[in-house]
>>> print(open('entry_12.cif').read())   # mmCIF, N, CA, C and O atoms and all ligand atoms
data_final
#
loop_
_atom_site.label_atom_id
_atom_site.label_comp_id
_atom_site.auth_asym_id
_atom_site.auth_seq_id
_atom_site.Cartn_x
_atom_site.Cartn_y
_atom_site.Cartn_z
N MET A 10 -26.72 -36.64 -4.43
CA MET A 10 -26.18 -35.28 -4.41
C MET A 10 -24.87 -35.22 -5.19
O MET A 10 -23.95 -35.98 -4.95
N ALA A 11 -24.83 -34.34 -6.14
CA ALA A 11 -23.65 -34.26 -7.00
C ALA A 11 -22.49 -33.58 -6.27
O ALA A 11 -22.68 -32.59 -5.58
N GLU A 12 -21.34 -34.16 -6.43
CA GLU A 12 -20.17 -33.55 -5.81
C GLU A 12 -19.40 -32.74 -6.84
O GLU A 12 -19.20 -33.19 -7.96
N LEU A 13 -18.98 -31.59 -6.43
CA LEU A 13 -18.23 -30.74 -7.34
C LEU A 13 -16.74 -31.00 -7.17
O LEU A 13 -16.26 -31.17 -6.05
N THR A 14 -16.03 -31.04 -8.28
CA THR A 14 -14.58 -31.10 -8.17
C THR A 14 -14.06 -29.71 -7.86
O THR A 14 -14.78 -28.72 -7.96
N ASP A 15 -12.83 -29.64 -7.44
CA ASP A 15 -12.22 -28.35 -7.15
C ASP A 15 -12.29 -27.42 -8.34
O ASP A 15 -12.57 -26.24 -8.21
N ALA A 16 -12.02 -27.98 -9.51
CA ALA A 16 -12.02 -27.17 -10.72
C ALA A 16 -13.41 -26.60 -10.98
O ALA A 16 -13.57 -25.43 -11.30
N GLN A 17 -14.41 -27.44 -10.79
CA GLN A 17 -15.78 -26.98 -11.01
C GLN A 17 -16.17 -25.91 -9.99
O GLN A 17 -16.85 -24.94 -10.29
N LEU A 18 -15.71 -26.12 -8.77
CA LEU A 18 -15.99 -25.17 -7.71
C LEU A 18 -15.35 -23.81 -8.03
O LEU A 18 -15.97 -22.76 -7.88
N ASP A 19 -14.12 -23.89 -8.50
CA ASP A 19 -13.42 -22.66 -8.87
C ASP A 19 -14.18 -21.91 -9.95
O ASP A 19 -14.35 -20.70 -9.89
N GLU A 20 -14.63 -22.67 -10.92
CA GLU A 20 -15.38 -22.07 -12.02
C GLU A 20 -16.62 -21.38 -11.49
O GLU A 20 -16.95 -20.27 -11.86
N LEU A 21 -17.30 -22.09 -10.63
CA LEU A 21 -18.54 -21.57 -10.06
C LEU A 21 -18.27 -20.28 -9.29
O LEU A 21 -18.97 -19.28 -9.45
N MET A 22 -17.25 -20.32 -8.46
CA MET A 22 -16.91 -19.15 -7.65
C MET A 22 -16.56 -17.97 -8.53
O MET A 22 -16.94 -16.84 -8.28
N GLU A 23 -15.81 -18.26 -9.58
CA GLU A 23 -15.41 -17.20 -10.48
C GLU A 23 -16.63 -16.62 -11.17
O GLU A 23 -16.75 -15.42 -11.36
N ALA A 24 -17.56 -17.51 -11.52
CA ALA A 24 -18.77 -17.09 -12.22
C ALA A 24 -19.60 -16.14 -11.37
O ALA A 24 -20.18 -15.19 -11.87
N ILE A 25 -19.63 -16.37 -10.07
CA ILE A 25 -20.43 -15.49 -9.21
C ILE A 25 -19.58 -14.42 -8.56
O ILE A 25 -20.03 -13.69 -7.70
N GLY A 26 -18.33 -14.32 -9.00
CA GLY A 26 -17.50 -13.20 -8.57
C GLY A 26 -16.83 -13.39 -7.23
O GLY A 26 -16.45 -12.43 -6.58
N LEU A 27 -16.70 -14.62 -6.78
CA LEU A 27 -15.98 -14.86 -5.52
C LEU A 27 -14.59 -15.39 -5.82
O LEU A 27 -14.40 -16.13 -6.78
N THR A 28 -13.66 -15.03 -4.98
CA THR A 28 -12.33 -15.61 -5.15
C THR A 28 -12.26 -16.89 -4.34
O THR A 28 -12.86 -16.98 -3.27
N PRO A 29 -11.59 -17.88 -4.83
CA PRO A 29 -11.50 -19.15 -4.10
C PRO A 29 -10.78 -18.98 -2.77
O PRO A 29 -9.98 -18.08 -2.61
N PRO A 30 -11.10 -19.84 -1.80
CA PRO A 30 -10.46 -19.75 -0.49
C PRO A 30 -8.95 -19.89 -0.57
O PRO A 30 -8.42 -20.54 -1.46
N LYS A 31 -8.28 -19.28 0.42
CA LYS A 31 -6.82 -19.24 0.36
C LYS A 31 -6.19 -20.61 0.54
O LYS A 31 -5.11 -20.88 0.05
N ASN A 32 -6.85 -21.48 1.28
CA ASN A 32 -6.19 -22.73 1.67
C ASN A 32 -6.20 -23.80 0.59
O ASN A 32 -5.90 -24.94 0.85
N ARG A 33 -6.56 -23.43 -0.61
CA ARG A 33 -6.64 -24.44 -1.66
C ARG A 33 -5.36 -24.50 -2.49
O ARG A 33 -5.29 -23.99 -3.59
N GLY A 34 -4.32 -25.09 -1.91
CA GLY A 34 -3.12 -25.38 -2.70
C GLY A 34 -2.30 -24.19 -3.13
O GLY A 34 -1.12 -24.32 -3.38
N GLY A 35 -2.90 -23.03 -3.17
CA GLY A 35 -2.16 -21.83 -3.57
C GLY A 35 -1.67 -21.88 -4.99
O GLY A 35 -0.62 -21.34 -5.31
N SER A 36 -2.42 -22.53 -5.86
CA SER A 36 -1.97 -22.63 -7.25
C SER A 36 -2.12 -21.29 -7.96
O SER A 36 -1.28 -20.91 -8.75
N LYS A 37 -3.19 -20.61 -7.62
CA LYS A 37 -3.41 -19.31 -8.26
C LYS A 37 -2.98 -18.19 -7.33
O LYS A 37 -3.44 -18.11 -6.19
N ARG A 38 -2.09 -17.34 -7.81
CA ARG A 38 -1.72 -16.18 -7.03
C ARG A 38 -2.08 -14.94 -7.81
O ARG A 38 -2.07 -14.95 -9.03
N LYS A 39 -2.36 -13.90 -7.07
CA LYS A 39 -2.63 -12.63 -7.74
C LYS A 39 -1.39 -12.20 -8.50
O LYS A 39 -0.28 -12.29 -7.97
N PRO A 40 -1.58 -11.70 -9.69
CA PRO A 40 -0.42 -11.19 -10.42
C PRO A 40 0.12 -9.94 -9.72
O PRO A 40 -0.64 -9.18 -9.12
N ILE A 41 1.41 -9.78 -9.78
CA ILE A 41 2.02 -8.62 -9.13
C ILE A 41 1.74 -7.36 -9.93
O ILE A 41 1.84 -7.36 -11.15
N ALA A 42 1.37 -6.33 -9.22
CA ALA A 42 1.11 -5.04 -9.89
C ALA A 42 2.44 -4.33 -10.07
O ALA A 42 2.80 -3.43 -9.30
N HIS A 43 3.18 -4.72 -11.08
CA HIS A 43 4.52 -4.17 -11.27
C HIS A 43 4.47 -2.67 -11.52
O HIS A 43 3.53 -2.15 -12.11
N GLY A 44 5.50 -2.00 -11.03
CA GLY A 44 5.60 -0.56 -11.27
C GLY A 44 4.80 0.26 -10.27
O GLY A 44 4.63 1.45 -10.44
N THR A 45 4.32 -0.40 -9.21
CA THR A 45 3.59 0.33 -8.18
C THR A 45 4.18 -0.03 -6.82
O THR A 45 4.88 -1.03 -6.68
N TYR A 46 3.88 0.80 -5.82
CA TYR A 46 4.37 0.49 -4.48
C TYR A 46 3.77 -0.82 -4.00
O TYR A 46 4.42 -1.62 -3.36
N ARG A 47 2.52 -1.03 -4.36
CA ARG A 47 1.88 -2.28 -3.98
C ARG A 47 2.62 -3.48 -4.57
O ARG A 47 2.81 -4.50 -3.92
N GLY A 48 3.03 -3.31 -5.82
CA GLY A 48 3.79 -4.37 -6.46
C GLY A 48 5.06 -4.68 -5.70
O GLY A 48 5.44 -5.84 -5.51
N ALA A 49 5.73 -3.63 -5.25
CA ALA A 49 6.96 -3.81 -4.49
C ALA A 49 6.69 -4.61 -3.22
O ALA A 49 7.44 -5.51 -2.86
N ARG A 50 5.60 -4.28 -2.56
CA ARG A 50 5.23 -5.01 -1.35
C ARG A 50 4.98 -6.48 -1.67
O ARG A 50 5.31 -7.36 -0.89
N GLN A 51 4.37 -6.71 -2.82
CA GLN A 51 4.09 -8.10 -3.21
C GLN A 51 5.38 -8.87 -3.42
O GLN A 51 5.49 -10.02 -3.05
N HIS A 52 6.37 -8.19 -4.01
CA HIS A 52 7.68 -8.84 -4.17
C HIS A 52 8.26 -9.18 -2.80
O HIS A 52 8.74 -10.29 -2.57
N TYR A 53 8.21 -8.23 -1.89
CA TYR A 53 8.75 -8.47 -0.55
C TYR A 53 8.05 -9.65 0.10
O TYR A 53 8.68 -10.49 0.72
N TYR A 54 6.75 -9.63 -0.04
CA TYR A 54 5.93 -10.65 0.59
C TYR A 54 6.32 -12.03 0.09
O TYR A 54 6.30 -13.01 0.84
N ARG A 55 6.70 -12.11 -1.16
CA ARG A 55 7.09 -13.41 -1.73
C ARG A 55 8.58 -13.67 -1.58
O ARG A 55 9.11 -14.64 -2.11
N ARG A 56 9.25 -12.79 -0.87
CA ARG A 56 10.70 -12.93 -0.65
C ARG A 56 11.44 -13.09 -1.96
O ARG A 56 12.29 -13.97 -2.11
N GLU A 57 11.11 -12.26 -2.90
CA GLU A 57 11.86 -12.29 -4.14
C GLU A 57 12.36 -10.88 -4.44
O GLU A 57 11.81 -9.91 -3.92
N PRO A 58 13.44 -10.78 -5.21
CA PRO A 58 13.98 -9.45 -5.49
C PRO A 58 13.01 -8.61 -6.29
O PRO A 58 12.25 -9.14 -7.10
N LEU A 59 13.05 -7.31 -6.03
CA LEU A 59 12.16 -6.41 -6.76
C LEU A 59 12.61 -6.30 -8.21
O LEU A 59 13.80 -6.31 -8.50
N CYS A 60 11.65 -6.21 -9.08
CA CYS A 60 11.99 -5.93 -10.46
C CYS A 60 12.27 -4.43 -10.57
O CYS A 60 11.99 -3.67 -9.65
N GLU A 61 12.81 -4.02 -11.69
CA GLU A 61 13.25 -2.64 -11.81
C GLU A 61 12.08 -1.66 -11.66
O GLU A 61 12.18 -0.65 -10.99
N GLU A 62 10.98 -2.00 -12.30
CA GLU A 62 9.80 -1.12 -12.24
C GLU A 62 9.36 -0.90 -10.80
O GLU A 62 9.09 0.21 -10.38
N CYS A 63 9.29 -2.00 -10.07
CA CYS A 63 8.81 -1.90 -8.70
C CYS A 63 9.81 -1.17 -7.82
O CYS A 63 9.43 -0.45 -6.91
N ARG A 64 11.10 -1.37 -8.10
CA ARG A 64 12.11 -0.68 -7.31
C ARG A 64 11.94 0.83 -7.49
O ARG A 64 11.99 1.59 -6.53
N ASP A 65 11.75 1.23 -8.72
CA ASP A 65 11.54 2.65 -8.99
C ASP A 65 10.30 3.17 -8.27
O ASP A 65 10.33 4.23 -7.65
N ALA A 66 9.25 2.40 -8.37
CA ALA A 66 7.99 2.84 -7.77
C ALA A 66 8.15 2.97 -6.26
O ALA A 66 7.65 3.92 -5.66
N GLU A 67 8.85 2.03 -5.67
CA GLU A 67 9.01 2.08 -4.22
C GLU A 67 9.88 3.25 -3.81
O GLU A 67 9.60 3.94 -2.84
N ARG A 68 10.93 3.49 -4.59
CA ARG A 68 11.82 4.60 -4.28
C ARG A 68 11.03 5.91 -4.34
O ARG A 68 11.16 6.77 -3.48
N ALA A 69 10.21 6.03 -5.36
CA ALA A 69 9.40 7.24 -5.50
C ALA A 69 8.45 7.39 -4.32
O ALA A 69 8.29 8.48 -3.77
N TYR A 70 7.89 6.28 -3.93
CA TYR A 70 6.94 6.32 -2.80
C TYR A 70 7.65 6.75 -1.52
O TYR A 70 7.17 7.60 -0.79
N GLN A 71 8.80 6.14 -1.27
CA GLN A 71 9.55 6.48 -0.05
C GLN A 71 9.98 7.93 -0.06
O GLN A 71 9.93 8.62 0.96
N ALA A 72 10.42 8.40 -1.23
CA ALA A 72 10.88 9.78 -1.34
C ALA A 72 9.73 10.74 -1.03
O ALA A 72 9.90 11.72 -0.32
N GLU A 73 8.59 10.40 -1.56
CA GLU A 73 7.42 11.26 -1.35
C GLU A 73 7.05 11.27 0.13
O GLU A 73 6.73 12.30 0.70
N ARG A 74 7.12 10.10 0.73
CA ARG A 74 6.77 10.00 2.13
C ARG A 74 7.72 10.84 2.98
O ARG A 74 7.33 11.49 3.92
N LYS A 75 8.98 10.80 2.61
CA LYS A 75 9.99 11.53 3.36
C LYS A 75 9.72 13.03 3.28
O LYS A 75 9.79 13.73 4.28
N THR A 76 9.46 13.52 2.10
CA THR A 76 9.21 14.95 1.96
C THR A 76 7.98 15.34 2.75
O THR A 76 7.96 16.39 3.39
N LYS A 77 6.98 14.49 2.72
CA LYS A 77 5.77 14.81 3.47
C LYS A 77 6.06 14.90 4.95
O LYS A 77 5.62 15.81 5.64
N GLN A 78 6.85 13.93 5.43
CA GLN A 78 7.19 13.94 6.85
C GLN A 78 7.97 15.19 7.21
O GLN A 78 7.72 15.83 8.22
N ARG A 79 8.92 15.53 6.36
CA ARG A 79 9.75 16.69 6.64
C ARG A 79 8.89 17.94 6.73
O ARG A 79 9.05 18.75 7.62
N HIS A 80 7.99 18.06 5.80
CA HIS A 80 7.12 19.24 5.82
C HIS A 80 6.26 19.24 7.07
O HIS A 80 6.03 20.28 7.66
N GLY A 81 5.83 18.05 7.44
CA GLY A 81 4.94 17.96 8.59
C GLY A 81 5.64 18.37 9.88
O GLY A 81 5.04 19.01 10.73
N ARG A 82 6.91 18.05 10.00
CA ARG A 82 7.58 18.27 11.28
C ARG A 82 8.25 19.63 11.39
O ARG A 82 8.11 20.31 12.38
N THR A 83 8.98 19.99 10.37
CA THR A 83 9.76 21.22 10.52
C THR A 83 9.31 22.32 9.56
O THR A 83 9.92 23.37 9.51
N GLY A 84 8.25 22.06 8.83
CA GLY A 84 7.77 23.09 7.91
C GLY A 84 7.20 24.27 8.68
O GLY A 84 7.01 24.22 9.89
N TYR A 85 6.97 25.35 7.95
CA TYR A 85 6.41 26.52 8.61
C TYR A 85 5.00 26.25 9.09
O TYR A 85 4.29 25.46 8.51
N LEU A 86 4.61 26.92 10.13
CA LEU A 86 3.26 26.74 10.63
C LEU A 86 2.27 27.38 9.66
O LEU A 86 2.58 28.37 9.02
N THR A 87 1.13 26.78 9.61
CA THR A 87 0.08 27.38 8.79
C THR A 87 -0.56 28.51 9.58
O THR A 87 -0.36 28.65 10.79
N GLU A 88 -1.33 29.31 8.87
CA GLU A 88 -2.01 30.43 9.51
C GLU A 88 -2.84 29.96 10.70
O GLU A 88 -2.81 30.55 11.78
N GLU A 89 -3.54 28.87 10.48
CA GLU A 89 -4.40 28.34 11.54
C GLU A 89 -3.59 27.93 12.76
O GLU A 89 -3.98 28.16 13.91
N GLU A 90 -2.43 27.33 12.50
CA GLU A 90 -1.61 26.88 13.62
C GLU A 90 -1.07 28.06 14.43
O GLU A 90 -0.99 28.03 15.65
N TRP A 91 -0.71 29.12 13.73
CA TRP A 91 -0.26 30.32 14.43
C TRP A 91 -1.34 30.85 15.34
O TRP A 91 -1.11 31.19 16.50
N GLN A 92 -2.53 30.93 14.79
CA GLN A 92 -3.64 31.48 15.56
C GLN A 92 -3.95 30.59 16.75
O GLN A 92 -4.21 31.09 17.84
N ALA A 93 -3.89 29.29 16.53
CA ALA A 93 -4.16 28.35 17.62
C ALA A 93 -3.15 28.58 18.75
O ALA A 93 -3.48 28.56 19.92
N ARG A 94 -1.90 28.84 18.36
CA ARG A 94 -0.87 29.08 19.36
C ARG A 94 -1.13 30.37 20.13
O ARG A 94 -0.97 30.44 21.34
N ARG A 95 -1.49 31.39 19.38
CA ARG A 95 -1.75 32.67 20.03
C ARG A 95 -2.90 32.56 20.99
O ARG A 95 -2.86 33.08 22.09
N ASP A 96 -3.94 31.83 20.52
CA ASP A 96 -5.11 31.66 21.37
C ASP A 96 -4.73 30.92 22.65
O ASP A 96 -5.19 31.24 23.73
N ALA A 97 -3.86 29.94 22.51
CA ALA A 97 -3.46 29.13 23.66
C ALA A 97 -2.74 30.00 24.69
O ALA A 97 -2.85 29.79 25.89
N LYS A 98 -1.98 30.99 24.19
CA LYS A 98 -1.24 31.85 25.12
C LYS A 98 -2.13 32.96 25.68
O LYS A 98 -1.71 33.73 26.52
N GLY A 99 -3.31 33.05 25.15
CA GLY A 99 -4.22 34.07 25.64
C GLY A 99 -3.96 35.42 25.02
O GLY A 99 -4.18 36.45 25.63
N GLY A 100 -3.43 35.41 23.79
CA GLY A 100 -3.23 36.67 23.09
C GLY A 100 -1.95 37.34 23.54
O GLY A 100 -1.81 37.75 24.70
N ALA A 101 -0.98 37.44 22.63
CA ALA A 101 0.30 38.02 23.01
C ALA A 101 0.46 39.41 22.40
O ALA A 101 1.31 39.64 21.59
N GLN A 102 -0.37 40.33 22.82
CA GLN A 102 -0.24 41.68 22.26
C GLN A 102 -0.01 42.72 23.32
O GLN A 102 -0.67 42.79 24.31
ZN ZN A 201 7.71 -5.93 -10.02
#
>>> encode(input="entry_12.cif", output="structure tokens")
Amino acid sequence: MAELTDAQLDELMEAIGLTPPKNRGGSKRKPIAHGTYRGARQHYYRREPLCEECRDAERAYQAERKTKQRHGRTGYLTEEEWQARRDAKGGAQ
């Protein structure tokens, strides 16, 4: 029975579209998706400083999240929400 070396195994896995198991030395790491929020997370995960692109991307992401939250909490009620409230009170007319 032929034994495969790690390198051969890697090749084989790559050929059939599988990624090699995580516990193999960690020689290959996914490249960081710079300039995206995901990239920023990858920097954090590796405990390294964010590059400029990723810092920008993260700032933009956080800013967007903040505005969304603000709208969600203190924004005006939608038509449906008003009606739901009125219905709950049993009609305030
Ligand atoms: Zn980066």
>>> closest_residue(input="entry_12.cif", among="A:Glu73, A:Glu61, A:Glu89, A:Glu67", to="ligand ZN 201 (chain A)", atoms="all atoms listed in the file")
A:Glu61
>>> residues_near_ligand(input="entry_12.cif", ligand="ligand ZN 201 (chain A)", cutoff="7 Å", atoms="all atoms listed in the file", output="PyMOL selection string")
chain A and resi 41-45+48-49+52+58-64
>>> closest_residue(input="entry_12.cif", among="A:Tyr46, A:Ala97, A:Arg56, A:Ala16", to="A:Ala72", atoms="only C-alpha atoms")
A:Tyr46
>>> atom_distance(input="entry_12.cif", atom1="atom CA of A:Gln71", atom2="atom CA of A:Tyr54")
17.5 Å
>>> select_by_dssp(input="entry_12.cif", residues="stretch 11-98 of chain A", states="alpha helix (DSSP H)", output="NGL selection string")
:A and (15-24 or 46-54 or 61-83 or 88-98)
>>> atom_distance(input="entry_12.cif", atom1="atom C of A:Ala66", atom2="atom C of A:Tyr53")
14.1 Å
